[in-house]
$ cat protein-v8.cif   # mmCIF, C-alpha atoms
data_work
#
loop_
_atom_site.label_atom_id
_atom_site.label_comp_id
_atom_site.auth_asym_id
_atom_site.auth_seq_id
_atom_site.Cartn_x
_atom_site.Cartn_y
_atom_site.Cartn_z
CA MET A 1 -20.12 83.62 -40.74
CA LYS A 2 -17.26 84.59 -42.98
CA PHE A 3 -14.71 83.78 -40.28
CA PHE A 4 -15.76 80.14 -40.06
CA GLU A 5 -15.75 79.81 -43.82
CA GLU A 6 -12.18 81.05 -43.88
CA LEU A 7 -11.30 78.75 -41.04
CA ALA A 8 -12.72 75.84 -43.01
CA GLY A 9 -10.59 76.95 -45.92
CA VAL A 10 -7.47 76.80 -43.74
CA ARG A 11 -8.43 73.39 -42.40
CA ASN A 12 -8.83 72.09 -45.94
CA SER A 13 -5.56 73.60 -47.13
CA ARG A 14 -2.76 71.35 -48.24
CA VAL A 15 -0.47 72.35 -45.36
CA TRP A 16 -3.10 71.73 -42.70
CA ARG A 17 -4.09 68.42 -44.25
CA SER A 18 -0.45 67.34 -44.35
CA VAL A 19 -0.35 67.73 -40.54
CA PHE A 20 -3.89 66.69 -39.58
CA ARG A 21 -4.76 63.93 -41.98
CA ALA A 22 -8.17 63.08 -40.63
CA GLY A 23 -9.75 65.99 -42.47
CA THR A 24 -12.79 67.99 -41.51
CA GLY A 25 -16.28 66.76 -40.98
CA ASP A 26 -18.54 65.98 -38.06
CA SER A 27 -19.26 62.36 -38.86
CA ASN A 28 -18.37 59.81 -36.19
CA LEU A 29 -15.61 58.52 -38.45
CA HIS A 30 -14.00 61.95 -38.80
CA ARG A 31 -14.25 62.59 -35.11
CA SER A 32 -12.77 59.19 -34.30
CA LEU A 33 -9.91 59.67 -36.74
CA ALA A 34 -9.17 63.13 -35.32
CA VAL A 35 -8.42 61.47 -31.97
CA GLN A 36 -6.85 58.25 -33.24
CA GLN A 37 -4.46 59.99 -35.63
CA ASN A 38 -3.10 62.43 -33.06
CA VAL A 39 -0.07 61.13 -31.20
CA PHE A 40 -1.03 62.94 -28.00
CA MET A 41 -4.74 62.20 -28.07
CA HIS A 42 -4.62 58.60 -29.25
CA LEU A 43 -3.89 57.50 -25.67
CA ALA A 44 -7.40 58.62 -24.80
CA SER A 45 -10.59 57.06 -26.01
CA VAL A 46 -12.64 58.42 -28.89
CA LYS A 47 -15.82 58.39 -26.83
CA VAL A 48 -16.43 58.77 -23.12
CA ARG A 49 -19.54 58.24 -21.07
CA ARG A 50 -21.18 61.51 -20.18
CA ARG A 51 -21.33 60.34 -16.56
CA ALA A 52 -17.53 59.89 -16.51
CA LEU A 53 -17.16 63.66 -16.88
CA ASP A 54 -19.32 64.43 -13.82
CA PHE A 55 -17.39 66.03 -10.99
CA GLY A 56 -18.66 63.51 -8.46
CA VAL A 57 -17.19 60.51 -10.28
CA THR A 58 -13.52 61.46 -9.99
CA TRP A 59 -13.41 64.92 -8.39
CA TYR A 60 -10.96 65.42 -11.29
CA LEU A 61 -8.18 64.38 -8.92
CA GLY A 62 -6.11 62.56 -11.55
CA THR A 63 -6.36 65.47 -13.98
CA LEU A 64 -5.42 67.91 -11.22
CA SER A 65 -2.39 65.77 -10.30
CA PHE A 66 -1.32 65.79 -13.94
CA GLY A 67 -1.88 69.56 -14.07
CA CYS A 68 0.48 69.93 -11.10
CA PHE A 69 2.99 67.74 -12.91
CA LEU A 70 2.89 70.02 -15.98
CA ILE A 71 3.35 73.12 -13.82
CA LEU A 72 6.28 71.42 -12.10
CA VAL A 73 7.94 70.54 -15.41
CA VAL A 74 7.63 74.10 -16.76
CA THR A 75 8.68 75.91 -13.57
CA GLY A 76 11.38 73.30 -12.90
CA ILE A 77 13.02 73.82 -16.30
CA LEU A 78 13.01 77.58 -15.71
CA LEU A 79 14.53 77.18 -12.22
CA MET A 80 17.29 75.02 -13.73
CA LEU A 81 18.48 78.08 -15.68
CA TYR A 82 19.62 79.78 -12.45
CA TYR A 83 20.49 76.82 -10.24
CA HIS A 84 23.94 75.19 -9.99
CA PRO A 85 23.91 71.84 -8.16
CA SER A 86 27.14 72.48 -6.26
CA VAL A 87 28.19 73.17 -2.68
CA PRO A 88 27.66 75.86 -1.45
CA GLN A 89 26.52 77.58 -4.69
CA GLY A 90 23.15 75.81 -4.66
CA TYR A 91 22.05 77.65 -1.53
CA ALA A 92 23.16 81.03 -2.94
CA ASP A 93 21.31 80.32 -6.19
CA MET A 94 18.15 79.49 -4.26
CA LYS A 95 18.46 82.79 -2.38
CA ASP A 96 19.14 84.63 -5.65
CA LEU A 97 15.96 83.13 -7.08
CA GLN A 98 14.08 84.49 -4.09
CA PHE A 99 15.57 87.97 -3.91
CA VAL A 100 17.41 88.85 -7.12
CA VAL A 101 15.94 87.11 -10.16
CA SER A 102 12.84 88.75 -11.66
CA ALA A 103 9.81 86.52 -11.03
CA GLY A 104 12.24 84.05 -9.42
CA VAL A 105 10.40 83.93 -6.12
CA PHE A 106 7.12 83.38 -7.99
CA LEU A 107 8.52 80.46 -9.96
CA ARG A 108 10.22 78.92 -6.94
CA ASN A 109 7.10 79.18 -4.81
CA LEU A 110 4.92 77.90 -7.65
CA HIS A 111 7.25 74.90 -7.96
CA ARG A 112 7.22 74.32 -4.21
CA TRP A 113 3.47 74.66 -3.72
CA SER A 114 2.69 72.56 -6.79
CA ALA A 115 5.00 69.87 -5.43
CA HIS A 116 3.14 69.85 -2.11
CA ALA A 117 -0.22 69.92 -3.91
CA MET A 118 0.78 67.08 -6.21
CA VAL A 119 1.64 64.76 -3.30
CA LEU A 120 -1.67 65.65 -1.65
CA LEU A 121 -3.68 65.22 -4.86
CA VAL A 122 -1.99 61.93 -5.78
CA PHE A 123 -2.92 60.53 -2.36
CA ALA A 124 -6.46 61.91 -2.66
CA HIS A 125 -6.71 60.37 -6.15
CA MET A 126 -5.62 57.02 -4.75
CA PHE A 127 -8.18 57.18 -1.92
CA LYS A 128 -10.94 58.19 -4.34
CA VAL A 129 -10.07 55.27 -6.65
CA PHE A 130 -9.98 52.92 -3.67
CA TYR A 131 -13.26 53.95 -2.05
CA ARG A 132 -15.13 53.92 -5.38
CA GLY A 133 -13.77 50.45 -6.15
CA ALA A 134 -12.18 51.64 -9.38
CA TYR A 135 -9.13 49.45 -8.69
CA ARG A 136 -11.14 46.26 -9.30
CA PRO A 137 -10.82 44.18 -12.49
CA PRO A 138 -10.41 45.04 -15.30
CA ARG A 139 -8.51 48.03 -13.85
CA GLU A 140 -6.23 46.15 -11.43
CA PHE A 141 -3.13 46.64 -13.56
CA ASN A 142 -3.72 50.39 -13.80
CA TRP A 143 -3.84 50.47 -9.99
CA VAL A 144 -0.35 48.95 -9.99
CA VAL A 145 0.84 51.56 -12.48
CA GLY A 146 -0.68 54.15 -10.17
CA VAL A 147 1.29 52.79 -7.21
CA VAL A 148 4.49 53.14 -9.26
CA LEU A 149 3.50 56.74 -10.04
CA LEU A 150 2.88 57.38 -6.33
CA MET A 151 6.40 56.11 -5.58
CA VAL A 152 7.88 58.25 -8.37
CA THR A 153 6.01 61.28 -6.99
CA LEU A 154 7.41 60.67 -3.51
CA PHE A 155 10.96 60.13 -4.82
CA LEU A 156 10.69 63.35 -6.84
CA SER A 157 9.54 65.12 -3.71
CA TYR A 158 12.39 63.65 -1.66
CA THR A 159 15.16 64.38 -4.21
CA GLY A 160 13.88 67.92 -4.71
CA TYR A 161 14.00 68.45 -0.95
CA LEU A 162 17.82 68.48 -0.94
CA LEU A 163 18.33 70.99 -3.74
CA PRO A 164 17.89 74.25 -1.70
CA TRP A 165 20.92 73.03 0.30
CA ASP A 166 19.77 74.64 3.56
CA GLN A 167 19.70 73.16 7.06
CA LEU A 168 16.26 71.60 6.55
CA ALA A 169 17.41 69.99 3.30
CA PHE A 170 20.66 68.68 4.74
CA TRP A 171 19.17 67.09 7.87
CA ALA A 172 16.10 65.76 6.08
CA ILE A 173 18.29 63.88 3.62
CA THR A 174 20.65 62.80 6.44
CA VAL A 175 17.70 61.31 8.30
CA GLY A 176 16.10 59.86 5.16
CA SER A 177 19.28 58.23 3.93
CA ASN A 178 19.88 56.73 7.39
CA ILE A 179 16.39 55.23 7.23
CA MET A 180 17.45 53.77 3.87
CA SER A 181 20.46 52.08 5.46
CA ALA A 182 18.14 50.20 7.85
CA VAL A 183 17.14 47.92 4.96
CA PRO A 184 18.66 44.48 5.64
CA LEU A 185 21.78 43.46 3.69
CA VAL A 186 21.68 46.04 0.90
CA GLY A 187 20.69 49.13 2.94
CA ALA A 188 24.11 50.57 3.75
CA LYS A 189 25.40 49.97 0.22
CA THR A 190 22.27 51.54 -1.32
CA ARG A 191 22.80 54.62 0.85
CA PHE A 192 26.42 54.82 -0.26
CA LEU A 193 25.48 54.57 -3.95
CA ILE A 194 22.64 57.10 -3.75
CA LEU A 195 24.67 59.65 -1.78
CA GLY A 196 27.87 58.92 -3.73
CA GLY A 197 29.72 58.89 -0.40
CA ASN A 198 29.34 58.39 3.33
CA THR A 199 27.85 61.79 4.11
CA VAL A 200 25.38 64.15 2.48
CA ASN A 201 27.81 66.23 0.44
CA ALA A 202 28.62 67.52 -3.05
CA ASN A 203 28.22 64.09 -4.69
CA ALA A 204 24.85 63.61 -3.02
CA LEU A 205 23.64 67.01 -4.20
CA LEU A 206 24.66 66.27 -7.78
CA ARG A 207 23.13 62.78 -7.76
CA PHE A 208 19.87 64.06 -6.32
CA TYR A 209 19.85 66.83 -8.94
CA VAL A 210 20.23 64.35 -11.80
CA LEU A 211 17.60 62.05 -10.31
CA HIS A 212 15.23 64.98 -9.73
CA CYS A 213 15.66 66.68 -13.11
CA VAL A 214 16.26 63.82 -15.53
CA ILE A 215 15.80 60.24 -14.39
CA LEU A 216 12.64 60.43 -12.27
CA PRO A 217 10.74 62.79 -14.63
CA LEU A 218 11.48 60.42 -17.54
CA ILE A 219 10.18 57.46 -15.54
CA ALA A 220 7.12 59.52 -14.58
CA VAL A 221 6.34 60.41 -18.22
CA VAL A 222 6.59 56.78 -19.34
CA PHE A 223 4.31 55.55 -16.57
CA LEU A 224 1.89 58.46 -17.04
CA ALA A 225 1.52 57.46 -20.70
CA ILE A 226 0.79 53.86 -19.71
CA HIS A 227 -1.61 55.06 -16.99
CA PHE A 228 -3.66 57.23 -19.37
CA TRP A 229 -3.63 54.66 -22.18
CA ARG A 230 -4.86 51.93 -19.82
CA ILE A 231 -7.94 54.02 -18.96
CA ARG A 232 -9.08 53.54 -22.55
CA LYS A 233 -7.98 49.91 -22.72
CA ASP A 234 -9.77 49.09 -19.47
CA GLY A 235 -13.08 50.44 -20.77
CA GLY A 236 -12.97 54.08 -19.72
CA LEU A 237 -13.31 55.61 -16.30
CA HIS A 238 -15.12 53.67 -13.62
CA THR A 239 -18.51 55.31 -13.26
CA GLY A 240 -19.81 53.23 -10.41
CA GLY A 241 -22.07 51.12 -12.62
CA LYS A 242 -24.45 53.98 -13.37
CA ILE A 243 -25.33 54.49 -17.02
CA ASP A 244 -25.94 57.71 -18.91
CA GLU A 245 -29.18 59.49 -18.45
CA MET B 1 16.17 15.17 -44.89
CA PRO B 2 14.77 17.89 -42.63
CA GLU B 3 17.12 16.67 -39.89
CA GLU B 4 20.16 17.30 -42.07
CA VAL B 5 19.02 20.76 -43.03
CA LYS B 6 18.61 21.65 -39.39
CA LYS B 7 22.08 20.35 -38.58
CA ALA B 8 23.67 22.33 -41.40
CA GLY B 9 21.86 25.41 -40.18
CA SER B 10 23.52 25.30 -36.80
CA ASP B 11 27.00 25.65 -38.26
CA SER B 12 26.58 28.62 -40.54
CA CYS B 13 24.07 31.29 -39.73
CA GLN B 14 22.75 31.28 -43.27
CA GLU B 15 19.89 29.02 -42.30
CA CYS B 16 19.54 29.61 -38.59
CA THR B 17 16.41 28.42 -36.99
CA ARG B 18 14.43 31.08 -35.15
CA ARG B 19 14.88 29.14 -31.90
CA ARG B 20 18.65 29.16 -32.25
CA PHE B 21 18.68 32.84 -33.21
CA THR B 22 16.59 33.66 -30.15
CA THR B 23 18.74 31.56 -27.82
CA VAL B 24 22.00 33.10 -29.03
CA GLY B 25 20.43 36.56 -29.10
CA LEU B 26 19.04 36.36 -25.58
CA GLY B 27 22.32 34.91 -24.34
CA ALA B 28 24.22 37.84 -25.85
CA VAL B 29 21.75 40.30 -24.32
CA ALA B 30 22.06 38.57 -20.93
CA ILE B 31 25.88 38.74 -21.04
CA ALA B 32 25.75 42.39 -22.08
CA GLY B 33 23.23 43.09 -19.32
CA ALA B 34 25.37 41.39 -16.67
CA GLY B 35 28.42 43.32 -17.89
CA SER B 36 26.49 46.58 -17.79
CA ALA B 37 25.32 45.81 -14.26
CA VAL B 38 28.90 45.17 -13.08
CA PHE B 39 30.29 48.26 -14.80
CA GLY B 40 27.30 50.34 -13.71
CA TYR B 41 27.80 49.33 -10.09
CA ALA B 42 31.52 50.10 -10.30
CA PHE B 43 30.83 53.42 -11.98
CA LEU B 44 28.31 54.48 -9.33
CA SER B 45 30.68 53.67 -6.44
CA PRO B 46 33.15 56.54 -6.12
CA ASN B 47 36.77 55.35 -5.80
CA ALA B 48 38.04 58.58 -4.28
CA LEU B 49 36.03 60.51 -1.73
CA TYR B 50 36.80 64.11 -0.92
CA GLU B 51 35.41 63.86 2.58
CA PRO B 52 36.98 65.26 5.78
CA SER B 53 39.51 63.01 7.50
CA PRO B 54 38.04 60.92 10.32
CA ILE B 55 40.99 61.93 12.53
CA VAL B 56 40.67 65.42 14.00
CA ASP B 57 43.05 67.47 16.11
CA ALA B 58 41.32 68.80 19.23
CA GLY B 59 44.21 70.95 20.39
CA LYS B 60 46.05 70.85 23.73
CA PRO B 61 44.33 68.87 26.49
CA ASP B 62 44.58 71.79 28.93
CA ARG B 63 41.92 73.57 26.86
CA TYR B 64 39.41 71.28 28.52
CA PRO B 65 38.98 72.08 32.23
CA LEU B 66 38.00 69.41 34.76
CA ASP B 67 34.32 68.46 34.79
CA SER B 68 33.56 70.16 31.50
CA VAL B 69 31.79 69.05 28.34
CA THR B 70 33.03 70.83 25.20
CA PRO B 71 31.07 70.39 21.99
CA ASP B 72 32.93 70.60 18.68
CA VAL B 73 30.12 71.15 16.18
CA ALA B 74 32.37 71.12 13.10
CA SER B 75 33.81 67.72 13.99
CA GLY B 76 30.62 66.32 15.54
CA VAL B 77 32.17 65.30 18.89
CA TYR B 78 32.06 66.14 22.61
CA ILE B 79 35.28 66.29 24.57
CA VAL B 80 34.52 65.44 28.19
CA HIS B 81 36.95 65.89 31.07
CA ARG B 82 36.17 63.93 34.24
CA PRO B 83 38.32 63.08 37.27
CA GLU B 84 39.15 59.73 35.59
CA GLY B 85 40.50 61.53 32.52
CA ILE B 86 39.43 62.87 29.13
CA TYR B 87 37.22 60.99 26.71
CA THR B 88 35.42 61.81 23.46
CA LEU B 89 31.81 61.10 22.62
CA SER B 90 30.38 61.10 19.12
CA ALA B 91 27.76 63.85 18.78
CA VAL B 92 26.02 62.02 15.94
CA CYS B 93 22.75 60.54 17.19
CA THR B 94 22.57 56.76 16.89
CA HIS B 95 18.93 57.01 15.80
CA LEU B 96 19.08 58.67 12.36
CA GLY B 97 22.32 60.59 12.29
CA CYS B 98 21.34 64.09 13.42
CA LEU B 99 23.84 66.24 15.27
CA THR B 100 22.97 66.29 18.98
CA ALA B 101 23.32 69.37 21.18
CA TRP B 102 24.88 69.85 24.63
CA LYS B 103 22.42 71.42 27.11
CA PRO B 104 24.64 72.92 29.86
CA GLU B 105 21.64 74.10 31.92
CA LEU B 106 20.31 70.53 32.15
CA GLY B 107 23.64 68.75 32.00
CA ILE B 108 22.43 66.42 29.24
CA ILE B 109 22.90 65.85 25.51
CA ALA B 110 19.70 66.18 23.44
CA CYS B 111 18.92 65.44 19.81
CA PRO B 112 16.76 68.08 18.06
CA CYS B 113 15.33 65.70 15.45
CA HIS B 114 13.40 63.06 17.40
CA GLY B 115 14.01 63.92 21.03
CA SER B 116 16.58 61.38 22.19
CA LYS B 117 18.39 62.41 25.38
CA PHE B 118 21.75 61.14 26.62
CA ARG B 119 23.94 61.42 29.72
CA THR B 120 27.47 62.72 29.39
CA ASP B 121 28.82 59.16 29.39
CA GLY B 122 26.75 58.51 26.25
CA THR B 123 24.08 56.33 27.81
CA LYS B 124 20.50 57.02 26.82
CA ILE B 125 18.01 58.71 29.14
CA GLU B 126 15.04 58.51 26.78
CA GLY B 127 13.98 58.63 23.15
CA PRO B 128 14.17 56.44 20.05
CA ALA B 129 17.98 56.09 19.86
CA PRO B 130 18.78 52.35 19.74
CA ARG B 131 22.32 52.61 21.17
CA PRO B 132 24.28 54.94 23.45
CA LEU B 133 26.47 57.62 21.89
CA PRO B 134 29.74 55.81 21.08
CA TRP B 135 33.05 56.64 22.74
CA LEU B 136 35.68 57.50 20.16
CA LYS B 137 39.35 56.51 20.16
CA THR B 138 41.25 59.43 21.71
CA TRP B 139 44.96 59.79 22.33
CA VAL B 140 47.68 62.40 22.76
CA GLY B 141 49.79 62.82 19.63
CA ASP B 142 53.52 63.40 19.40
CA ASP B 143 53.12 67.17 19.50
CA GLY B 144 51.00 66.96 22.65
CA ASP B 145 47.69 67.59 20.86
CA LEU B 146 44.59 65.56 21.60
CA LEU B 147 43.72 63.44 18.54
CA ILE B 148 40.34 61.79 17.92
CA ASP B 149 39.54 59.04 15.42
CA ARG B 150 35.85 59.40 14.56
CA SER B 151 35.79 56.22 12.49
CA GLU B 152 36.68 54.03 15.49
CA PRO B 153 34.06 53.62 18.20
CA LEU B 154 35.58 52.08 21.32
CA ALA B 155 34.29 48.78 22.57
CA GLN B 156 35.18 49.71 26.16
CA LYS B 157 35.40 52.98 28.02
CA GLN B 158 38.91 54.39 27.88
CA PHE B 159 40.16 57.59 29.49
CA VAL B 160 43.09 59.74 28.46
CA ARG B 161 44.98 60.67 31.64
CA ILE B 162 46.74 63.95 31.58
#

$ encode --input "protein-v8.cif" --output "structure tokens"
Amino acid sequence: MKFFEELAGVRNSRVWRSVFRAGTGDSNLHRSLAVQQNVFMHLASVKVRRRALDFGVTWYLGTLSFGCFLILVVTGILLMLYYHPSVPQGYADMKDLQFVVSAGVFLRNLHRWSAHAMVLLVFAHMFKVFYRGAYRPPREFNWVVGVVLLMVTLFLSYTGYLLPWDQLAFWAITVGSNIMSAVPLVGAKTRFLILGGNTVNANALLRFYVLHCVILPLIAVVFLAIHFWRIRKDGGLHTGGKIDE
Amino acid sequence: MPEEVKKAGSDSCQECTRRRFTTVGLGAVAIAGAGSAVFGYAFLSPNALYEPSPIVDAGKPDRYPLDSVTPDVASGVYIVHRPEGIYTLSAVCTHLGCLTAWKPELGIIACPCHGSKFRTDGTKIEGPAPRPLPWLKTWVGDDGDLLIDRSEPLAQKQFVRI
């Protein structure tokens, strides 16, 4: 095939080789280097067990959770272009996204449904890991990283809840922040710092916006990187002791 | 000889030992961290809050007829007029801070969030609320208007006699 010959020519060109230094070739070394020398792929292992890719092993729940996360990042950045985190503009912007902005209602609903799906999938992922015993050594630390990611997911969900600035948002955060203040000693002060005041108001909306759009996603990305990297370091996915056929 | 070298090293940093470098370095980082924590805490606590005043003007007392319960949703209070006098109840549920609603057909106050129900003197009928609705400090101002301080729950029942 002429096409593949030309493709090989491109892959051996100086420009291509300056970016992908591993070079072409189907030897194990070349294939290993192609993964190891790529900043995104080097978190993952060079080889996986065939059994680890079976649907039954993981139900792909972790991958699906991560897929939701990517959808949420993309749609979330687009929603930020029309949303002002201020009172009462936030509510009007949300309504504009629904009824005025082209494809706005699609992006908002995609963001909302993906957020719900992500919480569901993260819990399902956790149950699957638990019932298959994949949390046991040597993967116990990655379980802990996973618990942090569960918390970050829930905090993202909670902070995003306020942003539409409707009745549901306002009372949900009122109730949630009052639950927060039930923590002994530091509870009331924590509530004051997170809301930036005594009531759910403009400061609270802005703080939740910054948490939702900057701080929590950054924490999530860092812990996701550790989570994926530890899969390789802990010997690949837990396959329930069965070996390849 | 090695002792002397070590001693000289502690005075000028030309020949610092790694241990000393680490100790001083970590100490500096710890001081900077503590300073950042103090400043960070101060920065995150707003010094000026643009929140509504806790004292609200409820108008002339004769707006509230005898044996009536008048909700003021914007201020989050109930103004109750009984034969003993007028008093004000907070409408904010003591459970998790939702705004309760006056149910005139049942003669009770009910919270829409988790179902707490209260009598018009604030005491609980049922539900998860841990405390009765507090009575708020109420008085007649110089211009004859009823004033309510929402930041001051009363320890004892107190009526405003008209």

$ resolve_selection --input "protein-v8.cif" --expression "the PyMOL selection byres ((chain A) within 6 of (chain B))" --output "MDAnalysis selection string"
chainID A and resid 175 178 193

$ closest_residue --input "protein-v8.cif" --among "A:Ala172, A:Ala8, A:Leu162, A:Ala52" --to "A:Val87" --atoms "only C-alpha atoms"
A:Leu162

$ residues_around --input "protein-v8.cif" --residues "stretch 77-87 of chain B" --least-positions-apart "6" --cutoff "6 Å" --atoms "only C-alpha atoms" --output "list of chain:residue names"
B:Leu66, B:Asp67, B:Ser68, B:Val69, B:Thr70, B:Pro71, B:Phe159, B:Val160, B:Arg161

$ closest_residue --input "protein-v8.cif" --among "B:Arg150, B:Arg19, B:Lys157, B:His114" --to "B:Ala91" --atoms "all atoms listed in the file"
B:Arg150

$ atom_distance --input "protein-v8.cif" --atom1 "atom CA of A:Val152" --atom2 "atom CA of A:Phe69"
11.6 Å

$ residues_around --input "protein-v8.cif" --residues "A:Phe20" --least-positions-apart "5" --cutoff "9 Å" --atoms "all atoms listed in the file" --output "mmCIF file with C-alpha atoms, in the coordinates of the input"
data_model
loop_
_atom_site.group_PDB
_atom_site.id
_atom_site.type_symbol
_atom_site.label_atom_id
_atom_site.label_comp_id
_atom_site.auth_asym_id
_atom_site.auth_seq_id
_atom_site.Cartn_x
_atom_site.Cartn_y
_atom_site.Cartn_z
ATOM 1 C CA ARG A 11 -8.430 73.390 -42.400
ATOM 2 C CA VAL A 15 -0.470 72.350 -45.360
ATOM 3 C CA ALA A 34 -9.170 63.130 -35.320
ATOM 4 C CA GLN A 37 -4.460 59.990 -35.630
ATOM 5 C CA ASN A 38 -3.100 62.430 -33.060
#

$ residues_around --input "protein-v8.cif" --residues "A:Ala124" --least-positions-apart "5" --cutoff "10 Å" --atoms "only C-alpha atoms" --output "PyMOL selection string"
chain A and resi 59+61-62+65+118-119+129-130

$ atom_distance --input "protein-v8.cif" --atom1 "atom CA of A:Leu78" --atom2 "atom CA of A:Leu156"
16.9 Å

$ atom_distance --input "protein-v8.cif" --atom1 "atom CA of B:Tyr64" --atom2 "atom CA of B:Pro132"
22.8 Å

$ resolve_selection --input "protein-v8.cif" --expression "the PyMOL selection byres ((chain B and resi 118) around 12)" --output "PyMOL selection string"
chain B and resi 89-95+100-103+106-111+115-117+119-134

$ residues_around --input "protein-v8.cif" --residues "A:Arg108" --least-positions-apart "3" --cutoff "10 Å" --atoms "all atoms listed in the file" --output "ChimeraX atom specification"
/A:72,75-76,78-79,94,97-98,103-105,111-114

$ decode --input "protein-v8.cif" --residues "stretch 109-128 of chain A" --atoms "N, CA and C atoms" --output "short mmCIF file (atom, residue, chain, number, x, y, z; two decimals), in the first residue's frame"
data_model
loop_
_atom_site.label_atom_id
_atom_site.label_comp_id
_atom_site.auth_asym_id
_atom_site.auth_seq_id
_atom_site.Cartn_x
_atom_site.Cartn_y
_atom_site.Cartn_z
N ASN A 109 -26.97 20.60 29.99
CA ASN A 109 -27.52 19.29 30.37
C ASN A 109 -26.45 18.20 30.32
N LEU A 110 -25.54 18.32 29.34
CA LEU A 110 -24.45 17.33 29.27
C LEU A 110 -23.60 17.42 30.53
N HIS A 111 -23.33 18.66 30.97
CA HIS A 111 -22.54 18.87 32.19
C HIS A 111 -23.27 18.29 33.40
N ARG A 112 -24.56 18.54 33.46
CA ARG A 112 -25.36 18.10 34.60
C ARG A 112 -25.48 16.58 34.66
N TRP A 113 -25.81 15.99 33.51
CA TRP A 113 -25.97 14.53 33.49
C TRP A 113 -24.64 13.82 33.70
N SER A 114 -23.57 14.37 33.13
CA SER A 114 -22.26 13.75 33.33
C SER A 114 -21.86 13.82 34.80
N ALA A 115 -22.24 14.93 35.45
CA ALA A 115 -21.91 15.07 36.87
C ALA A 115 -22.64 14.00 37.68
N HIS A 116 -23.94 13.82 37.38
CA HIS A 116 -24.69 12.77 38.08
C HIS A 116 -24.09 11.40 37.78
N ALA A 117 -23.78 11.16 36.50
CA ALA A 117 -23.24 9.85 36.10
C ALA A 117 -21.89 9.60 36.76
N MET A 118 -21.09 10.66 36.89
CA MET A 118 -19.76 10.47 37.46
C MET A 118 -19.85 10.03 38.92
N VAL A 119 -20.75 10.67 39.69
CA VAL A 119 -20.92 10.26 41.09
C VAL A 119 -21.35 8.80 41.16
N LEU A 120 -22.31 8.44 40.30
CA LEU A 120 -22.80 7.06 40.27
C LEU A 120 -21.68 6.09 39.89
N LEU A 121 -20.93 6.43 38.84
CA LEU A 121 -19.89 5.53 38.34
C LEU A 121 -18.73 5.41 39.33
N VAL A 122 -18.40 6.52 40.01
CA VAL A 122 -17.31 6.47 40.99
C VAL A 122 -17.70 5.53 42.14
N PHE A 123 -18.95 5.62 42.57
CA PHE A 123 -19.41 4.70 43.63
C PHE A 123 -19.40 3.26 43.12
N ALA A 124 -19.90 3.06 41.89
CA ALA A 124 -19.93 1.71 41.33
C ALA A 124 -18.51 1.15 41.21
N HIS A 125 -17.58 2.01 40.77
CA HIS A 125 -16.17 1.64 40.65
C HIS A 125 -15.63 1.19 42.01
N MET A 126 -15.98 1.96 43.05
CA MET A 126 -15.51 1.63 44.39
C MET A 126 -16.07 0.28 44.84
N PHE A 127 -17.37 0.06 44.59
CA PHE A 127 -17.97 -1.23 44.99
C PHE A 127 -17.34 -2.38 44.23
N LYS A 128 -17.11 -2.17 42.93
CA LYS A 128 -16.51 -3.23 42.11
C LYS A 128 -15.11 -3.57 42.64
#
